[in-house]
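Notes follow the structure.
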Protein chains: 2
Amino acid sequence: MNSKKKRRVTLQDVAKAAGVSRATASLIVRGSPKISAATREKVLGKMNELGYVYDRVAANLRSKQSTTVGLLITEIANPFFSELLDGITAELEKEGYTIILGTTSDSYDKQERLLATMLENRVAGILWTPVSASTAETTKQLIHSQLPVVQVGREITGSTFDYVGIDNRAGAELVISYLVKEGHRRIAYLGGPSAASPWRERISSYKQALLQAGLDVDPSLIVESVATREGGRMAMAEILTRESRPTAAFCFNDIVAIGAMQELKGRGLTPGVDMAIVGFDNVEEASIFTPRLTTVSSFPRMIGTEAAKLLHQRIDDFARPAERIILEPELHIRESSQVRL
Amino acid sequence: MNSKKKRRVTLQDVAKAAGVSRATASLIVRGSPKISAATREKVLGKMNELGYVYDRVAANLRSKQSTTVGLLITEIANPFFSELLDGITAELEKEGYTIILGTTSDSYDKQERLLATMLENRVAGILWTPVSASTAETTKQLIHSQLPVVQVGREITGSTFDYVGIDNRAGAELVISYLVKEGHRRIAYLGGPSAASPWRERISSYKQALLQAGLDVDPSLIVESVATREGGRMAMAEILTRESRPTAAFCFNDIVAIGAMQELKGRGLTPGVDMAIVGFDNVEEASIFTPRLTTVSSFPRMIGTEAAKLLHQRIDDFARPAERIILEPELHIRESSQVRL
DNA sequence: TTGAAAGCGCTACCAA
DNA sequence: TTGGTAGCGCTTTCAA
């Protein structure tokens, strides 16, 4: 730290310069109406003159308040999360909160560290996408801290925090019934970390929809991976080794789907001709890729906005009943799934 | 706020429970070696038992320190910025800083508000991409506050803060000399906000490179726009109205280039056949689009990492001379520019 | 409407 | 090595 930094101008300094008490000056910075216009003018003038900067840290300490919220997200690079982040920050900033950001890279330890830091920094609440390895222990600590918590996009099994997400089961159901209607009988499920709640919800609905259509669930058509393009490539590579190839692949998300399509292209196969590919999320890349990707909207920006609103409400009233906001997905049929069987 | 929230456990409480003084307990939480193992054990045990959470806000107030840095970025949705953000947060978290995030949407007022908030929150330093409308006045205020400041990707003209960015002039030079070598004589410059420093650096180099190649600079081939896909579409639409069409377009960034290519496709023209398209940044989409986009790497993640390191150094030593780190761009030749003239 | 005094939770400083 | 006291910059409370 720099040693001969100018001393910060305090409210005390301003008060003395203006010839009023500290308390009066304090009321003025907070815009209290009980101060005469003349005094206010005089004090505000001095503040400007001295270059006074309000010390919110000290104020929050004294008043036991906090205008800061913690935001914990797994990764930024995935456009689903960057759009989510965009929605969250826009709403939180509008509501006047200051945001402390942390990224976990889906690591349990990093999540623990970041949560601890946020608690130490007296955040008023936490908005997060819990890492897939989160446990009941994680939940317990947060509950014990009595902090407003909203889960976004993913949830810890058995937790009772507010939650905003997409209806993953309905989304998978839309996809499978569409593919079945198109005549597909062998539909793979590709990519994604099985520890995350969306993965489990989607696959459970995938299986159920297959059974309802009178089809078997073939475990060899289910390939897990990390939720990246590279993961998509690897999952597709593996599925292509099966003796009897699937005619369609439902991918965990758009990024995985794009990786899968790249793998197909790399082998001289054409997505949308040799195999139907469907994604999930409807990120921007989905409509930019050739062929354009059939996918399900999961409205990350709207999820972010709703989650931020929910956190605001919970901070206002900690005792209110837990709320779950589940958005309805929409299927977007594009060229990647138009296979003639 | 919830009214009957449990009182926070303080160091005082811990000290009393353990039968030591507050000062001793304080030394222990900070890991001082001057405490006997027995006392330490006893106190740490009590902390656990009582569920003590360190109050960094109070500690920072007292010690006049700060472990928080402000991060101000124009937008998250553009992959250039999300990759930049990724690089910055990874490095800052590694260095132990807590990050306050703000997004400006390139709005001057929002930037002012967010900067004020960060100052009020006693950040130890600021890492930012100044909005394009930033002025000398903005600079003056920050200098007056004596805060460590690092500019990322963009800089305010005449400012003397540390800066990390790409060599925009070299990047534009690479592109134009390549296109000229390919035989292009009419090369458009599309998209981007002319108020931002990268835009000005690139166009100045574009003009110079044309002149050096013995070509004229035709102002009707320069179309400004917002730096979005939509902006790219509009810029392309406009350039197509020119009586004598350009054979190549150098776009402000990849997002603009993709918009421009979509506009071409929408009119039945083929990028890479009917017109050569070159972007800037080399974001992931660039190699996903068909045709794959010829572009210049601007290494946002690395810029982020370097900027975070620089801020760390400046916080350590405020008096050190201002540093400028300019990364060398690389041209990636792909299909979008392979036009047979 | 304004002022004086106390104290938020912590660290700094000095004494023991 | 440990403890007592003062005080970071602000808000709160009560009195004037």
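Chains: A, B, ... in order of the structure tokens. Residues: from 1 per chain. Ligands: from 1, in order shown.
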message = Give me the residues near D:DG4 as a ChimeraX atom specification, where near means some atom within 10 Å (using only C-alpha atoms (C1' of nucleotides)) and where sequence neighbours in that chain fewer than 5 positions away do not count.
response = /B:21-23 /C:14-16
Atoms to include: N, CA and C atoms (P, O5', C5', C4', C3', O3' and C1' of nucleotides). Write the selected residues as an mmCIF file, in the first residue's frame.
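And here's result_0.cif as it stands now:
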```
data_model
loop_
_atom_site.group_PDB
_atom_site.id
_atom_site.type_symbol
_atom_site.label_atom_id
_atom_site.label_comp_id
_atom_site.auth_asym_id
_atom_site.auth_seq_id
_atom_site.Cartn_x
_atom_site.Cartn_y
_atom_site.Cartn_z
ATOM 1 N N SER B 21 -8.343 -11.936 25.876
ATOM 2 C CA SER B 21 -8.762 -10.580 25.506
ATOM 3 C C SER B 21 -9.086 -10.518 24.023
ATOM 4 N N ARG B 22 -9.796 -9.459 23.665
ATOM 5 C CA ARG B 22 -10.144 -9.235 22.269
ATOM 6 C C ARG B 22 -8.892 -9.172 21.399
ATOM 7 N N ALA B 23 -7.880 -8.500 21.914
ATOM 8 C CA ALA B 23 -6.648 -8.329 21.142
ATOM 9 C C ALA B 23 -6.011 -9.679 20.816
ATOM 10 P P DC C 14 3.033 3.386 20.445
ATOM 11 O "O5'" DC C 14 3.026 3.152 22.023
ATOM 12 C "C5'" DC C 14 1.956 3.699 22.798
ATOM 13 C "C4'" DC C 14 1.681 2.782 23.970
ATOM 14 C "C3'" DC C 14 2.940 2.394 24.755
ATOM 15 O "O3'" DC C 14 2.794 2.843 26.091
ATOM 16 C "C1'" DC C 14 1.539 0.516 24.338
ATOM 17 P P DA C 15 4.071 2.734 27.049
ATOM 18 O "O5'" DA C 15 3.449 1.772 28.167
ATOM 19 C "C5'" DA C 15 2.112 1.970 28.590
ATOM 20 C "C4'" DA C 15 1.643 0.708 29.289
ATOM 21 C "C3'" DA C 15 2.632 0.184 30.338
ATOM 22 O "O3'" DA C 15 1.903 -0.149 31.507
ATOM 23 C "C1'" DA C 15 2.095 -1.520 28.779
ATOM 24 P P DA C 16 2.666 -0.527 32.842
ATOM 25 O "O5'" DA C 16 2.499 -2.099 32.948
ATOM 26 C "C5'" DA C 16 1.184 -2.643 33.108
ATOM 27 C "C4'" DA C 16 1.280 -4.140 32.919
ATOM 28 C "C3'" DA C 16 2.292 -4.811 33.850
ATOM 29 O "O3'" DA C 16 1.657 -5.854 34.549
ATOM 30 C "C1'" DA C 16 2.572 -5.536 31.612
#
```
Contact set, chain A to chain B: 8 Å, only C-alpha atoms, as a CSV table (one decimal) with all heavy atoms, in the first residue's frame:
```
chain,number,residue,atom,x,y,z
A,1,MET,N,0.8,-1.2,0.0
A,1,MET,CA,0.0,0.0,0.0
A,1,MET,C,0.9,1.3,0.0
A,1,MET,O,1.9,1.3,0.6
A,1,MET,CB,-0.9,0.0,1.2
A,1,MET,CG,-1.8,-1.2,1.3
A,1,MET,SD,-3.3,-0.9,0.3
A,1,MET,CE,-3.8,-2.7,0.1
A,2,ASN,N,0.4,2.3,-0.6
A,2,ASN,CA,1.1,3.5,-0.7
A,2,ASN,C,1.1,4.2,0.7
A,2,ASN,O,0.0,4.2,1.4
A,2,ASN,CB,0.4,4.4,-1.7
A,2,ASN,CG,1.0,5.8,-1.8
A,2,ASN,OD1,2.2,5.9,-1.5
A,2,ASN,ND2,0.2,6.8,-2.1
A,5,LYS,N,-0.5,8.4,1.2
A,5,LYS,CA,-1.8,8.6,0.6
A,5,LYS,C,-2.5,9.7,1.4
A,5,LYS,O,-2.4,9.8,2.6
A,5,LYS,CB,-2.6,7.4,0.6
A,5,LYS,CG,-3.8,7.4,-0.3
A,5,LYS,CD,-4.1,6.0,-0.8
A,5,LYS,CE,-4.7,6.0,-2.2
A,5,LYS,NZ,-4.7,4.7,-2.8
A,6,LYS,N,-3.2,10.6,0.6
A,6,LYS,CA,-3.9,11.6,1.3
A,6,LYS,C,-5.0,11.0,2.3
A,6,LYS,O,-5.6,10.0,2.0
A,6,LYS,CB,-4.7,12.5,0.3
A,6,LYS,CG,-4.0,13.8,0.0
A,6,LYS,CD,-4.9,14.7,-0.9
A,6,LYS,CE,-5.2,14.0,-2.2
A,6,LYS,NZ,-5.7,15.0,-3.2
A,53,VAL,N,-16.0,12.0,-0.1
A,53,VAL,CA,-16.6,10.8,-0.6
A,53,VAL,C,-17.2,10.0,0.5
A,53,VAL,O,-16.5,9.7,1.5
A,53,VAL,CB,-15.5,9.9,-1.3
A,53,VAL,CG1,-16.1,8.6,-1.7
A,53,VAL,CG2,-14.9,10.7,-2.5
A,54,TYR,N,-18.5,9.7,0.4
A,54,TYR,CA,-19.2,9.0,1.4
A,54,TYR,C,-18.6,7.6,1.7
A,54,TYR,O,-18.2,6.9,0.7
A,54,TYR,CB,-20.6,8.8,0.9
A,54,TYR,CG,-21.6,8.1,1.8
A,54,TYR,CD1,-22.0,8.7,3.0
A,54,TYR,CD2,-22.1,6.9,1.5
A,54,TYR,CE1,-22.9,8.1,3.8
A,54,TYR,CE2,-23.0,6.2,2.3
A,54,TYR,CZ,-23.4,6.9,3.5
A,54,TYR,OH,-24.3,6.2,4.3
A,55,ASP,N,-18.4,7.3,2.9
A,55,ASP,CA,-17.8,6.0,3.2
A,55,ASP,C,-18.9,5.0,3.6
A,55,ASP,O,-19.4,4.8,4.7
A,55,ASP,CB,-16.9,6.1,4.4
A,55,ASP,CG,-16.0,4.8,4.6
A,55,ASP,OD1,-16.6,3.7,4.3
A,55,ASP,OD2,-14.9,4.9,5.0
A,56,ARG,N,-19.4,4.2,2.5
A,56,ARG,CA,-20.5,3.3,2.7
A,56,ARG,C,-20.1,2.2,3.6
A,56,ARG,O,-20.9,1.6,4.3
A,56,ARG,CB,-20.9,2.8,1.4
A,56,ARG,CG,-22.2,2.1,1.3
A,56,ARG,CD,-22.7,1.8,-0.1
A,56,ARG,NE,-22.9,3.0,-0.9
A,56,ARG,CZ,-24.0,3.7,-0.8
A,56,ARG,NH1,-25.0,3.4,-0.1
A,56,ARG,NH2,-24.1,4.8,-1.5
A,57,VAL,N,-18.8,1.8,3.6
A,57,VAL,CA,-18.3,0.7,4.5
A,57,VAL,C,-18.6,1.0,5.9
A,57,VAL,O,-19.1,0.3,6.7
A,57,VAL,CB,-16.9,0.4,4.2
A,57,VAL,CG1,-16.3,-0.5,5.2
A,57,VAL,CG2,-16.7,-0.1,2.8
A,58,ALA,N,-18.1,2.2,6.3
A,58,ALA,CA,-18.3,2.7,7.7
A,58,ALA,C,-19.8,2.8,8.1
A,58,ALA,O,-20.3,2.4,9.1
A,58,ALA,CB,-17.6,4.0,8.0
A,61,LEU,N,-21.4,-0.6,8.5
A,61,LEU,CA,-20.9,-1.2,9.7
A,61,LEU,C,-21.8,-0.7,10.9
A,61,LEU,O,-22.3,-1.4,11.7
A,61,LEU,CB,-19.4,-0.9,10.0
A,61,LEU,CG,-18.9,-1.3,11.4
A,61,LEU,CD1,-19.0,-2.8,11.5
A,61,LEU,CD2,-17.5,-0.8,11.6
A,75,GLU,N,-19.2,-20.4,-14.5
A,75,GLU,CA,-18.2,-20.0,-15.5
A,75,GLU,C,-18.8,-18.9,-16.3
A,75,GLU,O,-20.0,-18.7,-16.4
A,75,GLU,CB,-17.9,-21.2,-16.5
A,75,GLU,CG,-19.1,-21.9,-16.9
A,75,GLU,CD,-18.9,-22.9,-18.0
A,75,GLU,OE1,-17.8,-22.8,-18.7
A,75,GLU,OE2,-19.7,-23.8,-18.2
A,76,ILE,N,-18.0,-18.1,-16.9
A,76,ILE,CA,-18.4,-17.0,-17.7
A,76,ILE,C,-18.4,-17.2,-19.2
A,76,ILE,O,-19.3,-16.7,-19.9
A,76,ILE,CB,-17.5,-15.7,-17.4
A,76,ILE,CG1,-17.7,-15.4,-15.9
A,76,ILE,CG2,-17.9,-14.6,-18.2
A,76,ILE,CD1,-16.6,-14.4,-15.5
A,77,ALA,N,-17.5,-18.1,-19.6
A,77,ALA,CA,-17.3,-18.3,-21.0
A,77,ALA,C,-18.6,-18.9,-21.7
A,77,ALA,O,-18.9,-18.5,-22.9
A,77,ALA,CB,-16.1,-19.2,-21.3
A,79,PRO,N,-22.0,-19.1,-23.1
A,79,PRO,CA,-22.9,-18.0,-23.3
A,79,PRO,C,-24.2,-18.1,-22.5
A,79,PRO,O,-24.8,-17.0,-22.2
A,79,PRO,CB,-23.3,-18.0,-24.8
A,79,PRO,CG,-22.6,-19.2,-25.3
A,79,PRO,CD,-21.6,-19.7,-24.3
A,82,SER,N,-23.1,-16.2,-19.5
A,82,SER,CA,-22.9,-14.8,-19.7
A,82,SER,C,-24.2,-14.1,-19.9
A,82,SER,O,-24.3,-12.9,-19.4
A,82,SER,CB,-21.9,-14.5,-20.8
A,82,SER,OG,-22.2,-15.1,-22.0
A,83,GLU,N,-25.2,-14.7,-20.5
A,83,GLU,CA,-26.5,-14.0,-20.7
A,83,GLU,C,-27.2,-14.0,-19.3
A,83,GLU,O,-27.8,-13.0,-19.0
A,83,GLU,CB,-27.3,-14.8,-21.7
A,83,GLU,CG,-26.9,-14.5,-23.1
A,83,GLU,CD,-27.7,-15.2,-24.2
A,83,GLU,OE1,-28.9,-15.5,-24.0
A,83,GLU,OE2,-27.1,-15.6,-25.2
A,85,LEU,N,-25.7,-13.8,-16.4
A,85,LEU,CA,-25.0,-12.8,-15.6
A,85,LEU,C,-25.5,-11.4,-16.1
A,85,LEU,O,-25.7,-10.6,-15.2
A,85,LEU,CB,-23.5,-13.0,-15.9
A,85,LEU,CG,-22.5,-12.1,-15.2
A,85,LEU,CD1,-22.7,-12.3,-13.7
A,85,LEU,CD2,-21.1,-12.5,-15.5
A,86,ASP,N,-25.7,-11.3,-17.4
A,86,ASP,CA,-26.1,-10.0,-17.9
A,86,ASP,C,-27.5,-9.6,-17.3
A,86,ASP,O,-27.7,-8.5,-16.9
A,86,ASP,CB,-26.2,-10.1,-19.4
A,86,ASP,CG,-26.0,-8.8,-20.1
A,86,ASP,OD1,-25.4,-7.9,-19.5
A,86,ASP,OD2,-26.4,-8.7,-21.3
A,89,THR,N,-27.1,-8.9,-13.4
A,89,THR,CA,-26.4,-7.6,-13.1
A,89,THR,C,-27.3,-6.4,-13.4
A,89,THR,O,-27.4,-5.4,-12.7
A,89,THR,CB,-25.0,-7.4,-13.8
A,89,THR,OG1,-25.2,-7.6,-15.2
A,89,THR,CG2,-24.0,-8.4,-13.2
A,90,ALA,N,-28.0,-6.5,-14.6
A,90,ALA,CA,-28.8,-5.4,-15.0
A,90,ALA,C,-29.9,-5.1,-13.9
A,90,ALA,O,-30.1,-4.0,-13.5
A,90,ALA,CB,-29.5,-5.7,-16.3
A,93,GLU,N,-28.3,-3.9,-10.4
A,93,GLU,CA,-27.8,-2.6,-10.5
A,93,GLU,C,-29.0,-1.6,-10.5
A,93,GLU,O,-29.0,-0.6,-9.8
A,93,GLU,CB,-27.0,-2.3,-11.7
A,93,GLU,CG,-25.6,-2.9,-11.5
A,93,GLU,CD,-24.7,-2.9,-12.8
A,93,GLU,OE1,-25.2,-2.3,-13.8
A,93,GLU,OE2,-23.6,-3.5,-12.8
A,98,THR,N,-24.8,-3.4,-4.9
A,98,THR,CA,-23.4,-3.5,-5.4
A,98,THR,C,-23.1,-5.0,-5.5
A,98,THR,O,-23.5,-5.7,-4.6
A,98,THR,CB,-22.5,-2.8,-4.4
A,98,THR,OG1,-22.8,-1.4,-4.3
A,98,THR,CG2,-21.0,-2.9,-4.9
A,99,ILE,N,-22.5,-5.4,-6.5
A,99,ILE,CA,-22.3,-6.8,-6.8
A,99,ILE,C,-20.9,-7.3,-6.5
A,99,ILE,O,-20.0,-6.8,-7.1
A,99,ILE,CB,-22.7,-7.2,-8.2
A,99,ILE,CG1,-24.1,-6.8,-8.5
A,99,ILE,CG2,-22.4,-8.6,-8.6
A,99,ILE,CD1,-24.5,-6.6,-10.0
A,100,ILE,N,-20.8,-8.3,-5.7
A,100,ILE,CA,-19.5,-9.0,-5.6
A,100,ILE,C,-19.6,-10.3,-6.4
A,100,ILE,O,-20.5,-11.1,-6.2
A,100,ILE,CB,-19.2,-9.4,-4.1
A,100,ILE,CG1,-19.0,-8.1,-3.3
A,100,ILE,CG2,-18.0,-10.3,-4.0
A,100,ILE,CD1,-18.6,-8.4,-1.9
A,101,LEU,N,-18.7,-10.4,-7.3
A,101,LEU,CA,-18.7,-11.5,-8.3
A,101,LEU,C,-17.7,-12.6,-8.0
A,101,LEU,O,-16.5,-12.3,-7.6
A,101,LEU,CB,-18.5,-11.0,-9.7
A,101,LEU,CG,-18.3,-12.1,-10.8
A,101,LEU,CD1,-19.7,-12.7,-11.1
A,101,LEU,CD2,-17.8,-11.5,-12.1
A,102,GLY,N,-18.1,-13.9,-8.0
A,102,GLY,CA,-17.1,-15.0,-7.9
A,102,GLY,C,-17.4,-16.0,-8.9
A,102,GLY,O,-18.6,-16.3,-9.2
A,103,THR,N,-16.4,-16.7,-9.5
A,103,THR,CA,-16.6,-17.8,-10.4
A,103,THR,C,-16.0,-19.0,-9.9
A,103,THR,O,-14.9,-19.0,-9.4
A,103,THR,CB,-16.0,-17.5,-11.8
A,103,THR,OG1,-14.7,-17.1,-11.6
A,103,THR,CG2,-16.7,-16.3,-12.5
A,117,THR,N,-15.7,-15.8,1.8
A,117,THR,CA,-15.3,-14.4,1.5
A,117,THR,C,-16.6,-13.5,1.5
A,117,THR,O,-16.6,-12.4,2.1
A,117,THR,CB,-14.6,-14.3,0.2
A,117,THR,OG1,-13.5,-15.2,0.1
A,117,THR,CG2,-14.2,-12.9,-0.1
A,119,LEU,N,-19.5,-14.0,3.0
A,119,LEU,CA,-20.0,-13.8,4.3
A,119,LEU,C,-19.1,-12.8,5.1
A,119,LEU,O,-19.7,-12.0,5.8
A,119,LEU,CB,-20.0,-15.2,5.0
A,119,LEU,CG,-21.0,-16.2,4.5
A,119,LEU,CD1,-21.0,-17.5,5.3
A,119,LEU,CD2,-22.4,-15.6,4.6
A,120,GLU,N,-17.8,-13.0,5.0
A,120,GLU,CA,-16.9,-12.0,5.7
A,120,GLU,C,-17.2,-10.6,5.2
A,120,GLU,O,-16.9,-9.7,6.0
A,120,GLU,CB,-15.5,-12.4,5.4
A,120,GLU,CG,-15.0,-13.7,6.0
A,120,GLU,CD,-13.6,-14.0,5.8
A,120,GLU,OE1,-12.9,-13.3,5.1
A,120,GLU,OE2,-13.1,-15.0,6.3
A,121,ASN,N,-17.6,-10.5,4.0
A,121,ASN,CA,-17.8,-9.1,3.4
A,121,ASN,C,-19.2,-8.6,3.7
A,121,ASN,O,-19.7,-7.7,3.1
A,121,ASN,CB,-17.5,-9.1,2.0
A,121,ASN,CG,-16.0,-8.9,1.7
A,121,ASN,OD1,-15.3,-9.9,1.6
A,121,ASN,ND2,-15.5,-7.7,1.7
A,122,ARG,N,-20.0,-9.3,4.5
A,122,ARG,CA,-21.3,-8.9,5.0
A,122,ARG,C,-22.3,-8.7,3.8
A,122,ARG,O,-23.0,-7.7,3.8
A,122,ARG,CB,-21.2,-7.6,5.7
A,122,ARG,CG,-20.4,-7.6,7.0
A,122,ARG,CD,-20.2,-6.2,7.5
A,122,ARG,NE,-20.3,-6.1,8.9
A,122,ARG,CZ,-21.4,-5.9,9.6
A,122,ARG,NH1,-22.6,-5.8,9.0
A,122,ARG,NH2,-21.4,-5.8,10.9
A,146,GLN,N,-28.2,-17.7,8.1
A,146,GLN,CA,-29.5,-16.9,8.0
A,146,GLN,C,-29.4,-15.8,6.9
A,146,GLN,O,-29.8,-14.7,7.1
A,146,GLN,CB,-29.8,-16.2,9.3
A,146,GLN,CG,-30.0,-17.2,10.4
A,146,GLN,CD,-31.1,-16.7,11.4
A,146,GLN,OE1,-31.4,-15.5,11.4
A,146,GLN,NE2,-31.7,-17.6,12.1
A,285,GLU,N,-25.2,-18.6,-30.6
A,285,GLU,CA,-24.5,-19.4,-31.5
A,285,GLU,C,-25.4,-20.4,-32.2
A,285,GLU,O,-25.2,-20.9,-33.4
A,285,GLU,CB,-23.4,-20.3,-30.9
A,285,GLU,CG,-22.1,-19.6,-30.7
A,285,GLU,CD,-21.9,-19.1,-29.3
A,285,GLU,OE1,-22.9,-18.6,-28.7
A,285,GLU,OE2,-20.8,-19.1,-28.8
A,288,ILE,N,-26.5,-19.2,-35.4
A,288,ILE,CA,-25.5,-18.8,-36.3
A,288,ILE,C,-24.8,-19.9,-37.0
A,288,ILE,O,-24.3,-19.8,-38.1
A,288,ILE,CB,-24.4,-18.0,-35.4
A,288,ILE,CG1,-24.9,-16.6,-35.1
A,288,ILE,CG2,-23.1,-17.9,-36.1
A,288,ILE,CD1,-24.0,-15.8,-34.2
A,289,PHE,N,-24.8,-21.1,-36.3
A,289,PHE,CA,-24.1,-22.3,-36.9
A,289,PHE,C,-24.8,-22.7,-38.1
A,289,PHE,O,-26.0,-22.5,-38.3
A,289,PHE,CB,-24.1,-23.4,-35.8
A,289,PHE,CG,-23.1,-24.4,-36.0
A,289,PHE,CD1,-21.8,-24.3,-35.6
A,289,PHE,CD2,-23.5,-25.6,-36.7
A,289,PHE,CE1,-20.9,-25.3,-35.9
A,289,PHE,CE2,-22.6,-26.6,-36.9
A,289,PHE,CZ,-21.3,-26.5,-36.5
A,290,THR,N,-24.1,-23.4,-39.0
A,290,THR,CA,-24.7,-24.0,-40.2
A,290,THR,C,-24.5,-25.5,-40.0
A,290,THR,O,-23.3,-26.0,-39.9
A,290,THR,CB,-24.0,-23.5,-41.5
A,290,THR,OG1,-24.0,-22.1,-41.5
A,290,THR,CG2,-24.7,-24.1,-42.7
A,315,ILE,N,-34.6,-10.4,0.7
A,315,ILE,CA,-33.8,-9.5,1.6
A,315,ILE,C,-34.8,-8.6,2.3
A,315,ILE,O,-34.6,-8.4,3.5
A,315,ILE,CB,-32.8,-8.7,0.8
A,315,ILE,CG1,-31.7,-9.6,0.3
A,315,ILE,CG2,-32.2,-7.5,1.6
A,315,ILE,CD1,-30.7,-8.9,-0.7
A,316,ASP,N,-35.8,-8.2,1.7
A,316,ASP,CA,-36.8,-7.4,2.3
A,316,ASP,C,-37.6,-8.1,3.4
A,316,ASP,O,-37.9,-7.5,4.4
A,316,ASP,CB,-37.9,-7.0,1.2
A,316,ASP,CG,-37.7,-5.5,0.8
A,316,ASP,OD1,-36.6,-5.0,1.0
A,316,ASP,OD2,-38.6,-5.0,0.2
A,317,ASP,N,-37.8,-9.4,3.1
A,317,ASP,CA,-38.6,-10.1,4.1
A,317,ASP,C,-38.1,-11.5,4.1
A,317,ASP,O,-38.5,-12.4,3.3
A,317,ASP,CB,-40.1,-10.1,3.6
A,317,ASP,CG,-41.0,-11.0,4.5
A,317,ASP,OD1,-40.5,-11.5,5.6
A,317,ASP,OD2,-42.1,-11.4,4.1
A,318,PHE,N,-37.3,-11.8,5.1
A,318,PHE,CA,-36.6,-13.1,5.2
A,318,PHE,C,-37.5,-14.2,5.5
A,318,PHE,O,-37.3,-15.4,5.1
A,318,PHE,CB,-35.5,-13.0,6.3
A,318,PHE,CG,-34.6,-14.2,6.3
A,318,PHE,CD1,-33.7,-14.5,5.2
A,318,PHE,CD2,-34.6,-15.1,7.4
A,318,PHE,CE1,-32.9,-15.6,5.2
A,318,PHE,CE2,-33.8,-16.2,7.4
A,318,PHE,CZ,-33.0,-16.5,6.3
A,319,ALA,N,-38.6,-13.9,6.1
A,319,ALA,CA,-39.5,-15.0,6.6
A,319,ALA,C,-40.5,-15.5,5.5
A,319,ALA,O,-41.2,-16.5,5.7
A,319,ALA,CB,-40.3,-14.5,7.8
```
request  = May I have the residues within 12 Å of C:DG3 as a list in words, using only C-alpha atoms (C1' of nucleotides) and disregarding those fewer than 4 positions away in the same chain?
outcome  = Ala15, Gly19, Val20, Ser21, Arg22, Ala23, Thr24 and Ala25 of chain A; DT13, DC14, DA15 and DA16 of chain D
Residues from the last selection, N, CA and C atoms (P, O5', C5', C4', C3', O3' and C1' of nucleotides), saved as a compact mmCIF listing (two decimals), in the first residue's frame:
```txt
# COMPACT_ATOMS: atom_id res chain seq x y z
N ALA A 15 -18.24 18.72 8.51
CA ALA A 15 -19.05 19.36 9.54
C ALA A 15 -18.31 20.54 10.15
N GLY A 19 -19.26 24.35 9.98
CA GLY A 19 -19.73 24.87 11.26
C GLY A 19 -21.00 24.21 11.76
N VAL A 20 -21.16 22.91 11.45
CA VAL A 20 -22.31 22.18 12.00
C VAL A 20 -21.78 20.92 12.69
N SER A 21 -22.66 20.14 13.26
CA SER A 21 -22.20 18.93 13.93
C SER A 21 -22.16 17.77 12.94
N ARG A 22 -21.46 16.72 13.34
CA ARG A 22 -21.34 15.52 12.52
C ARG A 22 -22.70 14.95 12.20
N ALA A 23 -23.57 14.95 13.19
CA ALA A 23 -24.90 14.37 13.02
C ALA A 23 -25.69 15.10 11.94
N THR A 24 -25.58 16.40 11.96
CA THR A 24 -26.28 17.19 10.94
C THR A 24 -25.77 16.84 9.56
N ALA A 25 -24.46 16.81 9.44
CA ALA A 25 -23.86 16.48 8.15
C ALA A 25 -24.32 15.09 7.70
P DT D 13 -31.93 4.11 17.33
O5' DT D 13 -31.82 4.90 18.71
C5' DT D 13 -30.72 4.61 19.58
C4' DT D 13 -30.57 5.74 20.58
C3' DT D 13 -31.91 6.40 20.96
O3' DT D 13 -31.98 6.43 22.38
C1' DT D 13 -30.30 8.03 20.38
P DC D 14 -33.41 6.63 23.12
O5' DC D 14 -33.13 7.97 23.92
C5' DC D 14 -31.85 8.14 24.57
C4' DC D 14 -31.52 9.60 24.65
C3' DC D 14 -32.70 10.48 25.10
O3' DC D 14 -32.27 11.27 26.19
C1' DC D 14 -31.62 11.40 23.21
P DA D 15 -33.38 12.03 27.06
O5' DA D 15 -32.64 13.41 27.27
C5' DA D 15 -31.21 13.45 27.22
C4' DA D 15 -30.76 14.77 26.64
C3' DA D 15 -31.58 15.97 27.14
O3' DA D 15 -30.69 17.02 27.50
C1' DA D 15 -31.53 15.96 24.79
P DA D 16 -31.25 18.29 28.26
O5' DA D 16 -31.16 19.41 27.13
C5' DA D 16 -29.89 19.74 26.59
C4' DA D 16 -30.10 20.66 25.43
C3' DA D 16 -30.95 21.90 25.76
O3' DA D 16 -30.27 23.05 25.33
C1' DA D 16 -31.74 20.84 23.81
```
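Neighbouring residues of D:DT12 at 9 Å or closer, counting only C-alpha atoms (C1' of nucleotides) and skipping chain neighbours under 3 positions away, are Arg62 and Ser63 of chain A; DA6 and DG7 of chain C.
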key: Residues of chain D within 8 Å of chain B, counting only C-alpha atoms (C1' of nucleotides), as a PyMOL selection string   = chain D and resi 1-3+8-9
Just the selected residues (C-alpha atoms (C1' of nucleotides)), exported as a compact mmCIF listing (two decimals), in the first residue's frame, please.
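Now in part.txt:
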```txt
# COMPACT_ATOMS: atom_id res chain seq x y z
C1' DT D 1 2.89 -13.67 24.95
C1' DT D 2 -1.20 -11.24 26.54
C1' DG D 3 -4.37 -7.34 27.93
C1' DC D 8 -11.40 3.86 12.03
C1' DG D 9 -16.01 6.95 9.89
```
inquiry  = Could you work out which residues of chain C fall inside 12 Å of chain B? Count only C-alpha atoms (C1' of nucleotides), and format the result as a PyMOL selection string.
reply    = chain C and resi 8-13
Secondary structure check, alpha helix (DSSP H) residues of stretch 92-264 of chain B, as a PyMOL selection string = chain B and resi 92-94+108-120+136-144+168-181+197-212+229-239+254-264
